[in-house]
Amino acid sequence: MDVLLEIAEPGQSLLPHQTGPGSRKRVVGIDLGTTFSLVAAISLEGKPLCIPDDDGVCAVPSVVHYGAGQTVRVGQAAREMALSHPESTIASVKRYMGRGVEDIRARMATIPHGLEAGEGGMVRILAGEANVSPVEVSAEILKLLKKRAEEALGGSLQGAVITVPAYFDDAQRQATKDAARVAGLEVLRLLNEPTAAALAYGLDKGSEGLYAIYDLGGGTFDISLLKLEKELFQVMATGGDSALGGDDLDQWIVQRIMTETGVSDPDPGWIQACRKIAREVKEELSEANAVTFPLPGSATGQTGHITREAFDSGVRDLIWRTIPICRRVLKDAGVAPEALQGVVLVGGSTRVPLVRQMVAEFFGREPLVDLDPDQVVALGAAHQAEALAGNAPAEMLLLDVTPLSLGIETMGDLMERIVPRNAPIPTARAQEFTTFKDGQTAMAIHVVQGERELASQCRSLARFELRGIPPMTAGAARIRVTYQVDADGLLTVSAREETTGVEQSITVKPSYGLTDDEIANMLQEAMQHGEADMLARLFNEAKVEADRVLAAAGAALREDGDLLNDEELKQVKGAMLALWETTQGQSADAINDRIQKMDAQTRFFAQRRMDRSLKQAMTGRKVDDFE
Amino acid sequence: MTTAAQGISLTERAARQAKSMLAKRGTPDGAIRIGTTTAGCSGFSYKLEYADQVEDGDLVYESFGVRVVLDGKSALLLDGTLVDFDSSPFKSGFKFSNPKEKERCGCGESFKV
């Protein structure tokens with residue numbers, strides 16, 4: 001991923017993975033829908049926008065396909081598998097979220113997958129070779145959206161607002177949060193879908209009162225009544241029909257085509273082609289008064305013809321079914337349609353002119369339609385995420401700057417800068433470090449100051465040790481080191497192991513006993529030794545890597561040396577010796593070359609070790625386990 | 001001090017953006033400073049700042065009318081680097097193409113030579 005840089009004021013560059021005052025957090029809003037899901041964020045110009053794929057398409061079909069050999073397809077790629085592999089393709093998983101098996105069987109007529117009871121009574125879905133929970137399936141969709149957003153925003157996400165239907169109960173909400181956690185997303189808040197739509201229209205800044213959100217999606221209809229009071233929305237009442245949506249309108253067109261062509265027993269391929277045409281015809285009828293279209297499977301170029309009038313009279317009864325539901329919701333809340341401040345349309349099906357007309361007639365006012373009804377929920381969620389992240393440009397009070405860089409000693413006597421020279425204070429910057437050795441339970445923190453590349457040539461300010469790191473493989477522990485310089489120039493260094501929360505800290509005055517002349521001297525020296533220091537740094541970095549490689553190879557030989565015959569053992573040891581010899585020299589390039597050579601020369605050994613550990617993992621289990 | 005053989009250059013687009021940002025900042029005749037810091041998950045990372053001062057040991061280049069200042073130490077790592085400007089609805093900024101760069105860490109924030 002390319003990283004894009006801004007021009008910073010002198011001395012105010014942020015180091016990688018650092019966030020400073022005023023920097024925007026990368027947050028998104030996600031509409032995790034039954035048929036489609038979308039992700040949106042605030043653009044550089046301050047407008048919420050949905051993030052498209054490379055082809056410019058924003059909506060991701062909420063479909064996940066589990067193929068052979070644990071391959072998982074998500075979105076359009078999965079939807080294309082639905083026809084040929086219905087049993088291993090999961091659509092509309094949102095209907096399963098937070099529900100038990102019996103609950104789902106009672107609610108849904110046809111279920112293309114096997115279901116079984118899982119942990120805590122929650123359903124598990126048998127999709128081809130996979131046995132997955134709805135949480136895991138939803139997480140796959142979220143992962144795709146997360147990846148897309150991270151590429152567009154240029155870095156890892158720091159939080160997301162995810163929308164849920166207003167009627168979702170605690171179990172369904174918890175399941176949605178769990179899915180986000182599995183996908184590696186931090187949930188800033190779950191937001192009700194109708195509230196998100198209202199926020200997208202900025203209704204929270206408008207007049208207090210009641211608003212209706214009419215949401216006709218692909219397969220579901222929802223009506224929600226929101227009450228706005230002091231810029232906060234409260235859901236007053238909801239209603240809906242979980243088996244009514246745009247798909248039913250498409251179905252009417254499909255039926256008509258079947259009648260016209262005399263196809264009575266269509267194969268699945270014909271139906272799919274026909275549905276696609278029906279969708280397009282429906283969309284075109286929102287603009288045009290009549291549509292002529294190619295009939296599916298017709299080699300002779302036969303065409304069909306549908307007028308808006310015919311379509312309207314055909315689907316009128318379907319759309320009319322939403323009106324009594326609206327009336328009941330208003331009645332439950334004890335409100336007359338005229339008492340509403342506004343009506344918002346959500347969902348692609350509300351583009352159908354007849355839907356708009358019926359809604360306008362029932363509520364006695366024109367509904368809000370300016371925003372794309374497919375995107376409005378995601379856009380509102382992005383708004384909310386931005387507000388929760390506090391992404392308003394922060395005023396910065398410039399007091400003073402750090403005269404010399406403050407850093408930490410890392411493996412190989414290297415100085416890693418945390419707060420650079422000339423950074424305005426007060427400031428707080430954090431960076432993550434990890435362990436170098438397997439089972440390492442303590443880490444020495446050596447706080448240094450200066451501009452040289454090697455820690456030993458910098459000024460030592462303080463040392464302390466962080467103990468109580470749980471033993472893990474090298475590189476697994478996450479130790480967050482924070483350097484905080486207050487307005488008085490006092491430096492507090494704290495180190496915290498993220499899994500256990502063990503923390504240690506120390507406070508020093510970096511300028512103590514330093515005169516201006518000494519500071520000038522240190523800068524001068526760094527300049528004079530610049531090139532030599534840099535070469536020393538490159539060499540030490542390479543040497544640290546070589547030591548790590550040699551230690552790993554030594555451990556491998558102790559464990560699995562018996563996999564090698566004498567000749568091969570000699571070859572591996574020879575490669576190790578050759579690498580070790582370069583670490584006694586002066587050249588970073590020589591070490592790096594040798595590391596690559598050794599990697600090539602010992603690849604067969606690594607392969608054999610992998611085969612062995614696979615075999616070990618499989619022995620002692622029943623044959624059944626692998627079927 | 002080694003002098004860089006090719007130095008550092010901006011694309012026309014990057015120069016135009018730098019010029020407009022310098023003008024907006026109230027220093028239309030100012031320069032920008034490009035450098036490296038030793039931080040990140042693997043090796044070095046790039047740094048881009050306004051340059052109010054040219055210090056001893058700095059190298060100065062000019063690209064499409066924009067002065068680019070480079071400190072002697074970073075010159076070792078940045079010789080031949082081309083800086084471009086890239087923008088999309090959600091992100092914009094300067095992008096470094098450095099022939100000396102051998103690998104990048106997964107997040108793209110830092111590089112090795």
# chains A, B, ... in the order shown; residues from 1 in each chain; ligands from 1

$ residues_around --residues "Gln384 of chain A" --least-positions-apart "5" --cutoff "12 Å" --atoms "only C-alpha atoms" --output "ChimeraX atom specification"
/A:27-30,40-42,48,159-163,187-193,195-200,202,204,232,377-379,389-391

$ select_by_dssp --residues "segment 55-107 of chain B" --states "strand (DSSP E or B)" --output "list in words"
Leu59, Val60, Tyr61, Glu62, Ser63, Val66, Arg67, Val68, Val69, Leu70, Leu82, Val83, Asp84, Phe85, Asp86, Ser87, Ser92, Gly93, Phe94, Lys95, Phe96, Ser97, Glu103 and Arg104 of chain B

$ atom_distance --atom1 "atom CA of Thr434 of chain A" --atom2 "atom CA of Val493 of chain A"
16.5 Å

$ closest_atom_pairs --of "chain A" --to "chain B" --cutoff "8 Å" --atoms "only C-alpha atoms" --output "JSON lines"
{"residue": "A:Met1", "atom": "CA", "partner": "B:Gly108", "partner_atom": "CA", "distance": 5.2}
{"residue": "A:Asp2", "atom": "CA", "partner": "B:Gly108", "partner_atom": "CA", "distance": 5.9}
{"residue": "A:Val3", "atom": "CA", "partner": "B:Gly108", "partner_atom": "CA", "distance": 5.9}
{"residue": "A:Leu4", "atom": "CA", "partner": "B:Gly93", "partner_atom": "CA", "distance": 4.5}
{"residue": "A:Leu5", "atom": "CA", "partner": "B:Gly93", "partner_atom": "CA", "distance": 4.8}
{"residue": "A:Glu6", "atom": "CA", "partner": "B:Gly93", "partner_atom": "CA", "distance": 5.2}
{"residue": "A:Ile7", "atom": "CA", "partner": "B:Glu49", "partner_atom": "CA", "distance": 4.7}
{"residue": "A:Ala8", "atom": "CA", "partner": "B:Glu49", "partner_atom": "CA", "distance": 4.4}
{"residue": "A:Glu9", "atom": "CA", "partner": "B:Tyr50", "partner_atom": "CA", "distance": 5.5}
{"residue": "A:Pro10", "atom": "CA", "partner": "B:Glu49", "partner_atom": "CA", "distance": 5.4}
{"residue": "A:Gly11", "atom": "CA", "partner": "B:Glu49", "partner_atom": "CA", "distance": 7.6}
{"residue": "A:Gln12", "atom": "CA", "partner": "B:Glu49", "partner_atom": "CA", "distance": 7.8}
{"residue": "A:Ser13", "atom": "CA", "partner": "B:Lys47", "partner_atom": "CA", "distance": 6.5}
{"residue": "A:Leu15", "atom": "CA", "partner": "B:Ala39", "partner_atom": "CA", "distance": 6.7}
{"residue": "A:Pro16", "atom": "CA", "partner": "B:Gly40", "partner_atom": "CA", "distance": 5.4}
{"residue": "A:His17", "atom": "CA", "partner": "B:Gly40", "partner_atom": "CA", "distance": 7.3}
{"residue": "A:Ala41", "atom": "CA", "partner": "B:Phe90", "partner_atom": "CA", "distance": 7.8}
{"residue": "A:Ile42", "atom": "CA", "partner": "B:Phe90", "partner_atom": "CA", "distance": 7.2}
{"residue": "A:Ser43", "atom": "CA", "partner": "B:Phe90", "partner_atom": "CA", "distance": 4.6}
{"residue": "A:Leu44", "atom": "CA", "partner": "B:Phe90", "partner_atom": "CA", "distance": 5.4}
{"residue": "A:Glu45", "atom": "CA", "partner": "B:Pro89", "partner_atom": "CA", "distance": 7.7}
{"residue": "A:Ala152", "atom": "CA", "partner": "B:Phe90", "partner_atom": "CA", "distance": 6.3}
{"residue": "A:Leu153", "atom": "CA", "partner": "B:Phe90", "partner_atom": "CA", "distance": 5.5}
{"residue": "A:Gly154", "atom": "CA", "partner": "B:Lys91", "partner_atom": "CA", "distance": 6.7}
{"residue": "A:Gly155", "atom": "CA", "partner": "B:Cys107", "partner_atom": "CA", "distance": 7.3}
{"residue": "A:Glu416", "atom": "CA", "partner": "B:Ala39", "partner_atom": "CA", "distance": 5.9}
{"residue": "A:Arg417", "atom": "CA", "partner": "B:Ala39", "partner_atom": "CA", "distance": 6.4}
{"residue": "A:Ile418", "atom": "CA", "partner": "B:Ala39", "partner_atom": "CA", "distance": 7.8}
{"residue": "A:Met527", "atom": "CA", "partner": "B:Gly57", "partner_atom": "CA", "distance": 7.4}
{"residue": "A:Gly530", "atom": "CA", "partner": "B:Lys73", "partner_atom": "CA", "distance": 5.3}
{"residue": "A:Glu531", "atom": "CA", "partner": "B:Lys73", "partner_atom": "CA", "distance": 5.7}
{"residue": "A:Met534", "atom": "CA", "partner": "B:Lys73", "partner_atom": "CA", "distance": 7.1}
{"residue": "A:Glu541", "atom": "CA", "partner": "B:Gly43", "partner_atom": "CA", "distance": 8.0}

$ write_last_selection --atoms "N, CA, C and O atoms" --output "compact mmCIF listing (two decimals), in the first residue's frame"
# COMPACT_ATOMS: atom_id res chain seq x y z
N MET A 1 0.85 -1.20 0.00
CA MET A 1 0.00 0.00 0.00
C MET A 1 0.89 1.25 0.00
O MET A 1 1.83 1.35 0.75
N ASP A 2 0.58 2.15 -0.90
CA ASP A 2 1.36 3.39 -0.94
C ASP A 2 0.91 4.30 0.18
O ASP A 2 -0.27 4.49 0.40
N VAL A 3 1.90 4.87 0.85
CA VAL A 3 1.56 5.82 1.90
C VAL A 3 1.71 7.22 1.32
O VAL A 3 2.66 7.51 0.62
N LEU A 4 0.71 8.05 1.56
CA LEU A 4 0.76 9.41 1.05
C LEU A 4 1.10 10.35 2.19
O LEU A 4 0.57 10.24 3.28
N LEU A 5 2.00 11.28 1.94
CA LEU A 5 2.43 12.20 2.98
C LEU A 5 1.93 13.61 2.71
O LEU A 5 1.80 14.02 1.56
N GLU A 6 1.67 14.34 3.77
CA GLU A 6 1.38 15.76 3.68
C GLU A 6 2.66 16.52 3.99
O GLU A 6 3.57 15.98 4.61
N ILE A 7 2.72 17.77 3.58
CA ILE A 7 3.88 18.57 3.99
C ILE A 7 3.61 19.08 5.40
O ILE A 7 2.58 19.72 5.64
N ALA A 8 4.51 18.78 6.32
CA ALA A 8 4.32 19.17 7.71
C ALA A 8 5.10 20.44 7.99
O ALA A 8 6.04 20.78 7.28
N GLU A 9 4.71 21.13 9.05
CA GLU A 9 5.51 22.25 9.52
C GLU A 9 6.84 21.68 10.01
O GLU A 9 6.90 20.55 10.46
N PRO A 10 7.93 22.48 9.97
CA PRO A 10 9.22 21.95 10.38
C PRO A 10 9.14 21.31 11.78
O PRO A 10 8.58 21.88 12.70
N GLY A 11 9.68 20.10 11.89
CA GLY A 11 9.74 19.42 13.18
C GLY A 11 8.45 18.79 13.62
O GLY A 11 8.37 18.20 14.69
N GLN A 12 7.41 18.89 12.80
CA GLN A 12 6.13 18.34 13.25
C GLN A 12 5.70 17.09 12.49
O GLN A 12 4.56 16.67 12.59
N SER A 13 6.64 16.51 11.75
CA SER A 13 6.31 15.26 11.06
C SER A 13 5.93 14.21 12.07
O SER A 13 6.55 14.11 13.13
N LEU A 15 5.73 10.24 13.07
CA LEU A 15 6.38 9.01 12.68
C LEU A 15 5.31 8.01 12.26
O LEU A 15 4.13 8.20 12.53
N PRO A 16 5.73 6.94 11.56
CA PRO A 16 4.75 5.95 11.12
C PRO A 16 3.92 5.45 12.31
O PRO A 16 4.46 5.29 13.41
N HIS A 17 2.66 5.24 12.08
CA HIS A 17 1.74 4.70 13.08
C HIS A 17 1.52 5.66 14.24
O HIS A 17 0.94 5.30 15.25
N ALA A 41 -17.37 6.84 4.06
CA ALA A 41 -16.50 7.65 4.91
C ALA A 41 -16.63 9.10 4.48
O ALA A 41 -17.19 9.40 3.44
N ILE A 42 -16.10 9.98 5.32
CA ILE A 42 -16.14 11.40 5.00
C ILE A 42 -14.96 11.71 4.08
O ILE A 42 -13.82 11.38 4.39
N SER A 43 -15.24 12.35 2.95
CA SER A 43 -14.17 12.65 2.00
C SER A 43 -13.34 13.83 2.49
O SER A 43 -13.68 14.48 3.47
N LEU A 44 -12.26 14.09 1.76
CA LEU A 44 -11.40 15.21 2.13
C LEU A 44 -12.17 16.52 2.11
O LEU A 44 -11.83 17.47 2.82
N GLU A 45 -13.21 16.59 1.27
CA GLU A 45 -14.00 17.82 1.20
C GLU A 45 -15.08 17.88 2.26
O GLU A 45 -15.90 18.80 2.27
N ALA A 152 -8.86 2.66 0.37
CA ALA A 152 -9.29 3.99 -0.06
C ALA A 152 -8.79 5.08 0.88
O ALA A 152 -8.41 6.16 0.45
N LEU A 153 -8.78 4.78 2.18
CA LEU A 153 -8.39 5.81 3.16
C LEU A 153 -6.89 5.82 3.40
O LEU A 153 -6.38 6.71 4.06
N GLY A 154 -6.20 4.80 2.92
CA GLY A 154 -4.75 4.81 3.02
C GLY A 154 -4.22 4.43 4.39
O GLY A 154 -3.25 5.02 4.87
N GLY A 155 -4.83 3.47 5.04
CA GLY A 155 -4.29 3.00 6.32
C GLY A 155 -5.33 2.22 7.09
O GLY A 155 -6.49 2.14 6.67
N GLU A 416 15.89 4.32 18.22
CA GLU A 416 14.61 4.46 17.52
C GLU A 416 13.95 5.73 18.04
O GLU A 416 13.62 5.83 19.22
N ARG A 417 13.78 6.72 17.15
CA ARG A 417 13.21 8.00 17.60
C ARG A 417 11.72 7.87 17.85
O ARG A 417 11.00 7.33 17.02
N ILE A 418 11.28 8.39 18.98
CA ILE A 418 9.84 8.40 19.24
C ILE A 418 9.33 9.83 19.15
O ILE A 418 8.36 10.10 18.46
N MET A 527 25.85 15.54 12.76
CA MET A 527 26.03 15.93 11.36
C MET A 527 27.35 15.36 10.84
O MET A 527 27.41 14.78 9.76
N GLY A 530 27.29 11.71 10.29
CA GLY A 530 26.07 11.27 9.61
C GLY A 530 26.22 10.02 8.79
O GLY A 530 25.52 9.03 9.01
N GLU A 531 27.16 10.04 7.85
CA GLU A 531 27.26 8.91 6.94
C GLU A 531 27.73 7.64 7.66
O GLU A 531 27.16 6.57 7.47
N MET A 534 24.96 6.20 9.67
CA MET A 534 23.93 5.55 8.88
C MET A 534 24.39 4.17 8.45
O MET A 534 23.65 3.20 8.51
N GLU A 541 21.37 -3.33 11.86
CA GLU A 541 20.04 -3.88 11.55
C GLU A 541 20.16 -5.23 10.88
O GLU A 541 19.45 -6.17 11.21

$ residues_around --residues "Cys274 of chain A" --least-positions-apart "3" --cutoff "7 Å" --atoms "only C-alpha atoms" --output "list in words"
Val254, Trp270, Ile271, Ile277, Ala278 and Pro296 of chain A

$ residues_around --residues "Phe433 of chain A" --least-positions-apart "5" --cutoff "7 Å" --atoms "only C-alpha atoms" --output "ChimeraX atom specification"
/A:478-480

$ write_last_selection --atoms "N, CA, C and O atoms" --output "compact mmCIF listing (two decimals), in the first residue's frame"
# COMPACT_ATOMS: atom_id res chain seq x y z
N ARG A 478 2.78 -7.57 22.35
CA ARG A 478 2.64 -6.19 21.89
C ARG A 478 2.87 -5.26 23.07
O ARG A 478 2.08 -5.22 24.00
N ILE A 479 3.97 -4.51 22.99
CA ILE A 479 4.30 -3.60 24.08
C ILE A 479 4.23 -2.18 23.55
O ILE A 479 4.95 -1.81 22.63
N ARG A 480 3.31 -1.44 24.14
CA ARG A 480 3.08 -0.08 23.66
C ARG A 480 3.88 0.87 24.54
O ARG A 480 3.67 0.92 25.75

$ select_by_dssp --residues "segment 26-186 of chain A" --states "helix (DSSP H, G or I)" --output "MDAnalysis selection string"
chainID A and resid 68:70 76:79 86:88 93:96 101:107 119:121 134:153 170:182

$ residues_around --residues "segment 113-124 of chain A" --least-positions-apart "2" --cutoff "7 Å" --atoms "only C-alpha atoms" --output "PyMOL selection string"
chain A and resi 87+98-101+111+126-127+131-134

$ residues_around --residues "Gly219 of chain A" --least-positions-apart "3" --cutoff "8 Å" --atoms "only C-alpha atoms" --output "compact mmCIF listing (two decimals) with C-alpha atoms, in the first residue's frame"
# COMPACT_ATOMS: atom_id res chain seq x y z
CA THR A 34 -29.70 -8.26 4.36
CA THR A 35 -29.16 -8.17 0.57
CA LEU A 216 -38.22 -0.78 1.18
CA SER A 242 -39.70 -9.31 6.48
CA ALA A 243 -40.91 -10.93 3.24
CA LEU A 244 -41.68 -7.94 1.07
CA GLY A 245 -39.27 -6.01 -1.08
CA GLY A 246 -37.91 -5.17 -4.49
CA ASP A 247 -37.37 -8.86 -5.27
CA ASP A 248 -41.16 -9.27 -5.29

$ closest_residue --among "A:Ser613, A:Ser264, A:Asn422, A:Gln272" --to "Leu83 of chain A" --atoms "only C-alpha atoms"
A:Gln272

$ atom_distance --atom1 "atom CA of Ala578 of chain A" --atom2 "atom CA of Thr410 of chain A"
25.6 Å

$ closest_residue --among "A:Leu249, A:Ile425, A:Val72, A:Met236" --to "Val352 of chain A" --atoms "only C-alpha atoms"
A:Leu249

$ closest_residue --among "A:Ala546, A:Lys143, A:Ala78, A:Ser456" --to "Asp413 of chain A" --atoms "only C-alpha atoms"
A:Ser456

$ residues_around --residues "Ser20 of chain B" --least-positions-apart "5" --cutoff "12 Å" --atoms "only C-alpha atoms" --output "VMD selection string"
(chain A and resid 7) or (chain B and resid 13 to 15 25 to 31 65 to 66)
